[in-house]
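Undergrad: Compact mmCIF, C-alpha atoms and all ligand atoms, saved as upload24.txt, coming up:
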# COMPACT_ATOMS: atom_id res chain seq x y z
CA MET A 1 -14.16 11.39 -20.35
CA ASP A 2 -12.57 14.82 -20.27
CA THR A 3 -9.49 14.70 -22.46
CA THR A 4 -8.11 18.17 -22.00
CA ASN A 5 -8.48 19.38 -18.43
CA GLN A 6 -6.96 16.42 -16.71
CA ILE A 7 -6.06 17.08 -13.09
CA LEU A 8 -2.86 15.30 -12.18
CA LEU A 9 -2.41 13.57 -8.86
CA PRO A 10 -0.64 16.19 -6.73
CA ASP A 11 1.17 13.80 -4.36
CA PRO A 12 4.95 13.46 -4.18
CA ILE A 13 6.44 10.04 -4.96
CA PRO A 14 5.85 8.10 -1.72
CA ASP A 15 8.82 7.27 0.45
CA HIS A 16 9.79 3.67 -0.26
CA PRO A 17 13.25 2.08 -0.66
CA LEU A 18 12.35 0.71 -4.10
CA LEU A 19 11.55 4.19 -5.40
CA HIS A 20 14.50 6.21 -4.04
CA GLY A 21 16.34 8.17 -6.70
CA ARG A 22 14.22 6.99 -9.58
CA PRO A 23 13.13 9.63 -12.11
CA GLU A 24 9.43 10.19 -12.59
CA ILE A 25 8.50 9.49 -16.21
CA GLY A 26 4.73 9.76 -16.12
CA ARG A 27 1.79 10.93 -14.06
CA GLY A 28 -1.98 10.85 -14.44
CA GLU A 29 -4.94 11.66 -12.23
CA SER A 30 -4.39 8.55 -10.11
CA SER A 31 -0.94 7.10 -10.84
CA ILE A 32 2.73 8.04 -10.80
CA VAL A 33 5.20 6.15 -12.99
CA VAL A 34 8.94 6.03 -12.25
CA ASP A 35 11.67 4.46 -14.33
CA GLY A 36 12.67 0.95 -13.37
CA ASP A 37 15.47 -1.48 -14.15
CA VAL A 38 16.32 -3.50 -17.22
CA VAL A 39 16.02 -7.18 -16.37
CA ASP A 40 17.02 -9.81 -18.93
CA GLY A 41 16.87 -7.15 -21.62
CA GLN A 42 13.33 -6.07 -20.72
CA GLU A 43 12.79 -2.50 -19.52
CA ARG A 44 10.52 -2.16 -16.51
CA VAL A 45 8.84 0.69 -14.63
CA PHE A 46 7.25 1.07 -11.22
CA LYS A 47 3.66 2.22 -11.25
CA ILE A 48 2.43 3.78 -8.03
CA LEU A 49 -1.33 3.35 -8.07
CA SER A 50 -3.85 5.18 -5.90
CA SER A 51 -6.96 3.75 -7.53
CA PRO A 52 -8.31 0.39 -6.30
CA THR A 53 -9.63 -0.19 -9.84
CA ASP A 54 -6.20 0.27 -11.39
CA TYR A 55 -4.73 -2.02 -8.72
CA ALA A 56 -7.30 -4.70 -9.61
CA TYR A 57 -6.60 -4.22 -13.33
CA TYR A 58 -2.92 -5.01 -12.71
CA THR A 59 -3.13 -7.67 -10.03
CA ALA A 60 -6.51 -9.46 -9.88
CA PRO A 61 -6.25 -13.22 -10.54
CA ASP A 62 -8.77 -12.84 -13.35
CA ARG A 63 -7.35 -9.62 -14.75
CA PRO A 64 -7.22 -9.44 -18.56
CA THR A 65 -4.02 -10.92 -19.96
CA GLY A 66 -2.71 -11.60 -23.45
CA HIS A 67 -1.07 -9.87 -26.38
CA HIS A 68 -2.50 -6.38 -25.79
CA PHE A 69 -2.34 -6.26 -21.98
CA PRO A 70 0.59 -5.02 -19.89
CA ILE A 71 2.99 -7.59 -18.46
CA VAL A 72 3.16 -7.38 -14.67
CA TYR A 73 6.37 -8.55 -13.00
CA ALA A 74 5.70 -7.92 -9.32
CA ASP A 75 3.36 -6.51 -6.72
CA HIS A 76 5.58 -4.71 -4.20
CA GLY A 77 2.89 -3.91 -1.66
CA THR A 78 1.83 -0.55 -0.32
CA ALA A 79 3.62 2.74 0.38
CA GLY A 80 1.57 5.11 2.49
CA ARG A 81 -1.69 6.67 1.50
CA SER A 82 -2.53 8.99 -1.36
CA SER A 83 -4.41 12.28 -1.14
CA ARG A 84 -7.30 10.46 -2.80
CA GLY A 85 -7.72 8.46 0.39
CA TYR A 86 -6.55 5.06 -0.81
CA PRO A 87 -3.26 3.33 -0.10
CA PHE A 88 -0.56 3.60 -2.76
CA HIS A 89 0.30 0.25 -4.31
CA ILE A 90 3.62 -0.24 -6.07
CA ILE A 91 3.65 -2.63 -8.98
CA GLU A 92 6.41 -3.41 -11.44
CA VAL A 93 5.32 -3.61 -15.08
CA GLU A 94 6.87 -3.58 -18.53
CA LYS A 95 7.94 -0.16 -19.80
CA LEU A 96 5.64 1.12 -22.53
CA TYR A 97 5.92 4.00 -24.98
CA PRO A 98 3.54 6.68 -26.25
CA LEU A 99 1.92 5.88 -29.55
CA PRO A 100 3.53 7.64 -32.49
CA CYS A 101 1.47 9.77 -34.87
CA ALA A 102 1.32 7.10 -37.53
CA GLY A 103 1.66 3.36 -37.88
CA GLU A 104 -0.55 0.35 -37.32
CA ALA A 105 -0.83 0.54 -33.52
CA ALA A 106 -1.65 4.25 -33.70
CA GLU A 107 -4.31 3.64 -36.33
CA VAL A 108 -5.97 0.90 -34.29
CA ALA A 109 -5.80 3.08 -31.16
CA THR A 110 -7.42 6.00 -32.99
CA LYS A 111 -10.14 3.72 -34.26
CA ILE A 112 -10.78 2.36 -30.74
CA SER A 113 -10.92 5.88 -29.23
CA THR A 114 -13.13 7.39 -31.90
CA SER A 115 -15.56 4.48 -32.16
CA TYR A 116 -15.74 4.32 -28.36
CA PHE A 117 -16.42 8.06 -28.21
CA ASP A 118 -19.11 7.78 -30.91
CA ALA A 119 -20.74 4.89 -29.05
CA CYS A 120 -20.68 6.92 -25.83
CA MET A 121 -22.54 9.71 -27.63
CA ALA A 122 -25.06 7.22 -29.00
CA TRP A 123 -25.69 5.70 -25.54
CA ARG A 124 -25.21 8.81 -23.42
CA ASN A 125 -28.75 8.70 -22.02
CA LEU A 126 -27.66 5.55 -20.15
CA ALA A 127 -25.55 7.77 -17.88
CA GLN A 128 -23.55 5.58 -15.50
CA ASP A 129 -23.75 2.53 -17.79
CA MET A 130 -22.83 4.47 -20.92
CA GLY A 131 -19.16 3.51 -20.99
CA ARG A 132 -19.70 -0.20 -20.46
CA ILE A 133 -22.51 -0.31 -23.03
CA ALA A 134 -20.35 1.62 -25.48
CA LEU A 135 -17.54 -0.87 -24.96
CA HIS A 136 -19.98 -3.73 -25.43
CA HIS A 137 -21.14 -2.09 -28.65
CA LEU A 138 -17.52 -2.08 -29.92
CA THR A 139 -17.19 -5.81 -29.28
CA VAL A 140 -20.41 -6.85 -31.06
CA THR A 141 -20.31 -4.50 -34.04
CA PRO A 142 -18.16 -5.65 -36.97
CA MET A 143 -15.51 -2.94 -37.20
CA GLY A 144 -12.64 -4.86 -38.72
CA TRP A 145 -10.81 -5.52 -35.45
CA SER A 146 -8.16 -8.22 -35.46
CA ASP A 147 -9.14 -11.26 -33.38
CA ALA A 148 -6.63 -10.25 -30.71
CA VAL A 149 -8.04 -6.71 -30.45
CA LYS A 150 -11.62 -7.98 -30.38
CA ASP A 151 -10.75 -10.53 -27.67
CA SER A 152 -9.05 -7.76 -25.68
CA LEU A 153 -12.08 -5.46 -25.91
CA GLN A 154 -14.25 -8.35 -24.74
CA ALA A 155 -11.87 -9.09 -21.85
CA LEU A 156 -12.01 -5.41 -20.88
CA GLU A 157 -15.78 -5.48 -20.93
CA ILE A 158 -15.85 -8.51 -18.63
CA PHE A 159 -13.33 -6.94 -16.28
CA SER A 160 -15.27 -3.65 -16.18
CA THR A 161 -18.48 -5.46 -15.33
CA GLU A 162 -16.94 -7.74 -12.70
CA TYR A 163 -14.98 -5.00 -10.96
CA GLY A 164 -17.41 -2.10 -11.34
CA ALA A 165 -14.84 -0.23 -13.42
CA LEU A 166 -15.57 2.27 -16.16
CA PRO A 167 -13.75 2.12 -19.48
CA ASP A 168 -11.43 5.04 -20.25
CA LEU A 169 -10.51 4.57 -23.89
CA ILE A 170 -10.61 8.17 -25.03
CA LYS A 171 -7.53 9.70 -23.46
CA ALA A 172 -4.72 9.10 -25.95
CA ASP A 173 -2.11 8.21 -23.33
CA ASN A 174 -4.12 5.33 -21.86
CA LEU A 175 -3.25 3.29 -24.93
CA MET A 176 0.49 2.81 -25.31
CA MET A 177 2.81 0.49 -27.18
CA ARG A 178 5.73 -1.88 -26.81
CA LYS A 179 8.98 -1.13 -28.60
CA ASP A 180 8.01 -3.78 -31.16
CA GLY A 181 4.91 -1.77 -32.06
CA THR A 182 2.29 -3.84 -30.21
CA LEU A 183 -0.65 -1.78 -28.99
CA VAL A 184 -1.12 -2.17 -25.21
CA PHE A 185 -4.14 -1.22 -23.08
CA SER A 186 -2.06 0.51 -20.42
CA ASP A 187 -4.76 2.29 -18.39
CA PRO A 188 -8.14 1.49 -19.95
CA VAL A 189 -10.37 1.63 -16.84
CA PHE A 190 -11.10 3.96 -13.97
CA MET A 191 -13.12 3.97 -10.80
CA GLU A 192 -16.74 5.01 -10.80
N1 LIG B 1 4.11 1.03 -18.41
C1 LIG B 1 4.44 2.31 -18.62
N2 LIG B 1 5.66 2.64 -19.10
C2 LIG B 1 6.01 3.94 -19.28
N3 LIG B 1 5.21 4.99 -19.04
C3 LIG B 1 3.98 4.72 -18.57
C4 LIG B 1 3.51 3.38 -18.34
N4 LIG B 1 2.23 3.44 -17.89
C5 LIG B 1 1.91 4.74 -17.84
N5 LIG B 1 2.94 5.53 -18.25
C6 LIG B 1 2.95 7.02 -18.33
O1 LIG B 1 2.44 7.53 -17.12
C7 LIG B 1 1.24 8.29 -17.34
C8 LIG B 1 0.21 7.99 -16.25
O2 LIG B 1 -0.10 6.61 -16.28
P1 LIG B 1 -1.60 6.09 -16.27
O3 LIG B 1 -1.54 4.62 -16.09
O4 LIG B 1 -2.32 6.60 -17.47
O5 LIG B 1 -2.13 6.77 -14.93
P2 LIG B 1 -3.56 7.32 -14.50
O6 LIG B 1 -4.29 6.12 -13.98
O7 LIG B 1 -3.26 8.30 -13.43
O8 LIG B 1 -4.20 7.94 -15.72
C9 LIG B 1 0.77 7.87 -18.72
O9 LIG B 1 0.09 8.90 -19.35
C10 LIG B 1 2.05 7.53 -19.43
O10 LIG B 1 2.65 8.69 -19.98
MG MG B 2 -4.28 7.38 -17.60
I'd like the structure from this file rewritten - as structure tokens, please.
TA:
Amino acid sequence: MDTTNQILLPDPIPDHPLLHGRPEIGRGESSIVVDGDVVDGQERVFKILSSPTDYAYYTAPDRPTGHHFPIVYADHGTAGRSSRGYPFHIIEVEKLYPLPCAGEAAEVATKISTSYFDACMAWRNLAQDMGRIALHHLTVTPMGWSDAVKDSLQALEIFSTEYGALPDLIKADNLMMRKDGTLVFSDPVFME
């Protein structure tokens, strides 16, 4: 839930033929993102994941899919082991963009982050379950979500419960967008 002192994964890009020579375009506490190819007009990236929860989010048969979830093109298997102790998994997903300061997607993202944060404060005595309860609260309280956003929040809640993941909807860069302005839940869960 810390939004300012994020520790980035210190590992170099793992050695794998698919990744050679590709510029790194993003990094978080558990993932590295390198630029991919443009296939049939669609820009792609490779995400190198060290968190089993993130890997499940992108590849599980019952992972959340639909308008606001990232499109996954391929699971390229593993590439060594990260300093966090888990194997690196390489997956190929659609390229996304940071949310701009203004616009519809940014407004919805801000509303999700702030209402989620407020709900976390309200339920903070629930400790470990706080995040999931806060997410549940967002899905059952009328807040003017579009149907697609509400369905997505519900799908995230189900995924979090099934996979023992914790929602991570506060960090601004976990919500991203497509070039056409669609809000996408890029990295909305983490491992407990
Ligand atoms: N699909 C994507 N396209 C382009 N950049 C991305 C994509 N997904 C993530 N990024 C960038 O990489 C950074 C780390 O990715 P993220 O999934 O948030 O990793 P972590 O699980 O380590 O937080 C993000 O903050 C963002 O800047
Ligand atoms: Mg992230």
Undergrad: Pull the closest atom pair for each residue of chain A that gets at most 8 Å from ligand LIG 1 (chain B), along with the distance in Å to one decimal, counting all atoms listed in the file, ordering rows by chain and then ascending residue number, as JSON lines.
TA:
{"residue": "A:Leu8", "atom": "CA", "partner": "B:LIG1", "partner_atom": "O7", "distance": 7.1}
{"residue": "A:Leu9", "atom": "CA", "partner": "B:LIG1", "partner_atom": "O7", "distance": 7.0}
{"residue": "A:Ile25", "atom": "CA", "partner": "B:LIG1", "partner_atom": "N3", "distance": 6.3}
{"residue": "A:Gly26", "atom": "CA", "partner": "B:LIG1", "partner_atom": "O1", "distance": 3.3}
{"residue": "A:Arg27", "atom": "CA", "partner": "B:LIG1", "partner_atom": "C8", "distance": 4.0}
{"residue": "A:Gly28", "atom": "CA", "partner": "B:LIG1", "partner_atom": "O7", "distance": 3.0}
{"residue": "A:Glu29", "atom": "CA", "partner": "B:LIG1", "partner_atom": "O7", "distance": 3.9}
{"residue": "A:Ser30", "atom": "CA", "partner": "B:LIG1", "partner_atom": "O7", "distance": 3.5}
{"residue": "A:Ser31", "atom": "CA", "partner": "B:LIG1", "partner_atom": "O7", "distance": 3.7}
{"residue": "A:Ile32", "atom": "CA", "partner": "B:LIG1", "partner_atom": "C8", "distance": 6.0}
{"residue": "A:Val33", "atom": "CA", "partner": "B:LIG1", "partner_atom": "O1", "distance": 5.2}
{"residue": "A:Val34", "atom": "CA", "partner": "B:LIG1", "partner_atom": "N3", "distance": 7.8}
{"residue": "A:Asp35", "atom": "CA", "partner": "B:LIG1", "partner_atom": "C2", "distance": 7.5}
{"residue": "A:Arg44", "atom": "CA", "partner": "B:LIG1", "partner_atom": "N2", "distance": 7.3}
{"residue": "A:Val45", "atom": "CA", "partner": "B:LIG1", "partner_atom": "N2", "distance": 5.8}
{"residue": "A:Phe46", "atom": "CA", "partner": "B:LIG1", "partner_atom": "N1", "distance": 7.8}
{"residue": "A:Lys47", "atom": "CA", "partner": "B:LIG1", "partner_atom": "N4", "distance": 6.9}
{"residue": "A:Leu49", "atom": "CA", "partner": "B:LIG1", "partner_atom": "O6", "distance": 7.2}
{"residue": "A:Ser51", "atom": "CA", "partner": "B:LIG1", "partner_atom": "O6", "distance": 7.4}
{"residue": "A:Asp54", "atom": "CA", "partner": "B:LIG1", "partner_atom": "O6", "distance": 6.7}
{"residue": "A:Pro70", "atom": "CA", "partner": "B:LIG1", "partner_atom": "N1", "distance": 7.2}
{"residue": "A:Val93", "atom": "CA", "partner": "B:LIG1", "partner_atom": "N1", "distance": 5.8}
{"residue": "A:Glu94", "atom": "CA", "partner": "B:LIG1", "partner_atom": "N1", "distance": 5.4}
{"residue": "A:Lys95", "atom": "CA", "partner": "B:LIG1", "partner_atom": "N2", "distance": 3.7}
{"residue": "A:Leu96", "atom": "CA", "partner": "B:LIG1", "partner_atom": "N2", "distance": 3.8}
{"residue": "A:Tyr97", "atom": "CA", "partner": "B:LIG1", "partner_atom": "C2", "distance": 5.7}
{"residue": "A:Pro98", "atom": "CA", "partner": "B:LIG1", "partner_atom": "O10", "distance": 6.6}
{"residue": "A:Asp173", "atom": "CA", "partner": "B:LIG1", "partner_atom": "O9", "distance": 4.6}
{"residue": "A:Asn174", "atom": "CA", "partner": "B:LIG1", "partner_atom": "O4", "distance": 4.9}
{"residue": "A:Met176", "atom": "CA", "partner": "B:LIG1", "partner_atom": "C4", "distance": 7.6}
{"residue": "A:Ser186", "atom": "CA", "partner": "B:LIG1", "partner_atom": "N4", "distance": 5.8}
{"residue": "A:Asp187", "atom": "CA", "partner": "B:LIG1", "partner_atom": "O3", "distance": 4.6}
{"residue": "A:Phe190", "atom": "CA", "partner": "B:LIG1", "partner_atom": "O6", "distance": 7.1}
Undergrad: Just C-alpha atoms for this one: save the residues we selected as a compact mmCIF listing (two decimals), in the frame of the given file.
TA:
# COMPACT_ATOMS: atom_id res chain seq x y z
CA LEU A 8 -2.86 15.30 -12.18
CA LEU A 9 -2.41 13.57 -8.86
CA ILE A 25 8.50 9.49 -16.21
CA GLY A 26 4.73 9.76 -16.12
CA ARG A 27 1.79 10.93 -14.06
CA GLY A 28 -1.98 10.85 -14.44
CA GLU A 29 -4.94 11.66 -12.23
CA SER A 30 -4.39 8.55 -10.11
CA SER A 31 -0.94 7.10 -10.84
CA ILE A 32 2.73 8.04 -10.80
CA VAL A 33 5.20 6.15 -12.99
CA VAL A 34 8.94 6.03 -12.25
CA ASP A 35 11.67 4.46 -14.33
CA ARG A 44 10.52 -2.16 -16.51
CA VAL A 45 8.84 0.69 -14.63
CA PHE A 46 7.25 1.07 -11.22
CA LYS A 47 3.66 2.22 -11.25
CA LEU A 49 -1.33 3.35 -8.07
CA SER A 51 -6.96 3.75 -7.53
CA ASP A 54 -6.20 0.27 -11.39
CA PRO A 70 0.59 -5.02 -19.89
CA VAL A 93 5.32 -3.61 -15.08
CA GLU A 94 6.87 -3.58 -18.53
CA LYS A 95 7.94 -0.16 -19.80
CA LEU A 96 5.64 1.12 -22.53
CA TYR A 97 5.92 4.00 -24.98
CA PRO A 98 3.54 6.68 -26.25
CA ASP A 173 -2.11 8.21 -23.33
CA ASN A 174 -4.12 5.33 -21.86
CA MET A 176 0.49 2.81 -25.31
CA SER A 186 -2.06 0.51 -20.42
CA ASP A 187 -4.76 2.29 -18.39
CA PHE A 190 -11.10 3.96 -13.97
Undergrad: Can you tell me how far atom CA of A:Ile158 sits from atom CA of A:Arg132, in Å to one decimal?
TA: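 Value for the atom CA of A:Ile158-atom CA of A:Arg132 distance: 9.3 Å.
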Undergrad: Restricting the calculation to all atoms listed in the file: of A:Glu24, A:Asp62, A:Asp168, A:Glu162, which residue gets closest to ligand MG 2 (chain B)?
TA: A:Asp168
Undergrad: To one decimal in Å, tell me the separation between atom CA of A:His68 and atom CA of A:Val184.
TA: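 A separation of 4.5 Å between them.
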Undergrad: Which one of A:Ala109, A:Leu183, A:Leu175, A:Leu135 sits closest to A:Ser160 if you count only C-alpha atoms?
TA: A:Leu135
Undergrad: Do you have the atom CA of A:Asp11-atom CA of A:Pro52 distance handy?
TA: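 Straight-line distance from atom CA of A:Asp11 to atom CA of A:Pro52 works out to 16.5 Å.
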Undergrad: Which of these, A:Leu138, A:Met177, A:Leu99, A:Ala155, has the shortest distance to A:Tyr57 once you count only C-alpha atoms?
TA: A:Ala155
Undergrad: In terms of the shortest atom-to-atom distance over only C-alpha atoms, which of A:Gly181, A:Gly21, A:Leu153, A:Phe159 is closest to A:Ala60?
TA: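 So, comparing all the options, the nearest one is A:Phe159.
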Undergrad: Return the single residue from A:Pro167, A:Pro188, A:Pro10, A:Pro142 that is closest to ligand MG 2 (chain B), with distances computed using only C-alpha atoms and all ligand atoms.
TA: A:Pro188
Undergrad: Extract, using all atoms listed in the file, all DNA, RNA and protein residues at most 12 Å from A:Lys111, discarding same-chain residues fewer than 6 positions from it, and format them as an MDAnalysis selection string.
TA: chainID A and resid 104:105 117:119 138 143:145 149 169:170 172 175
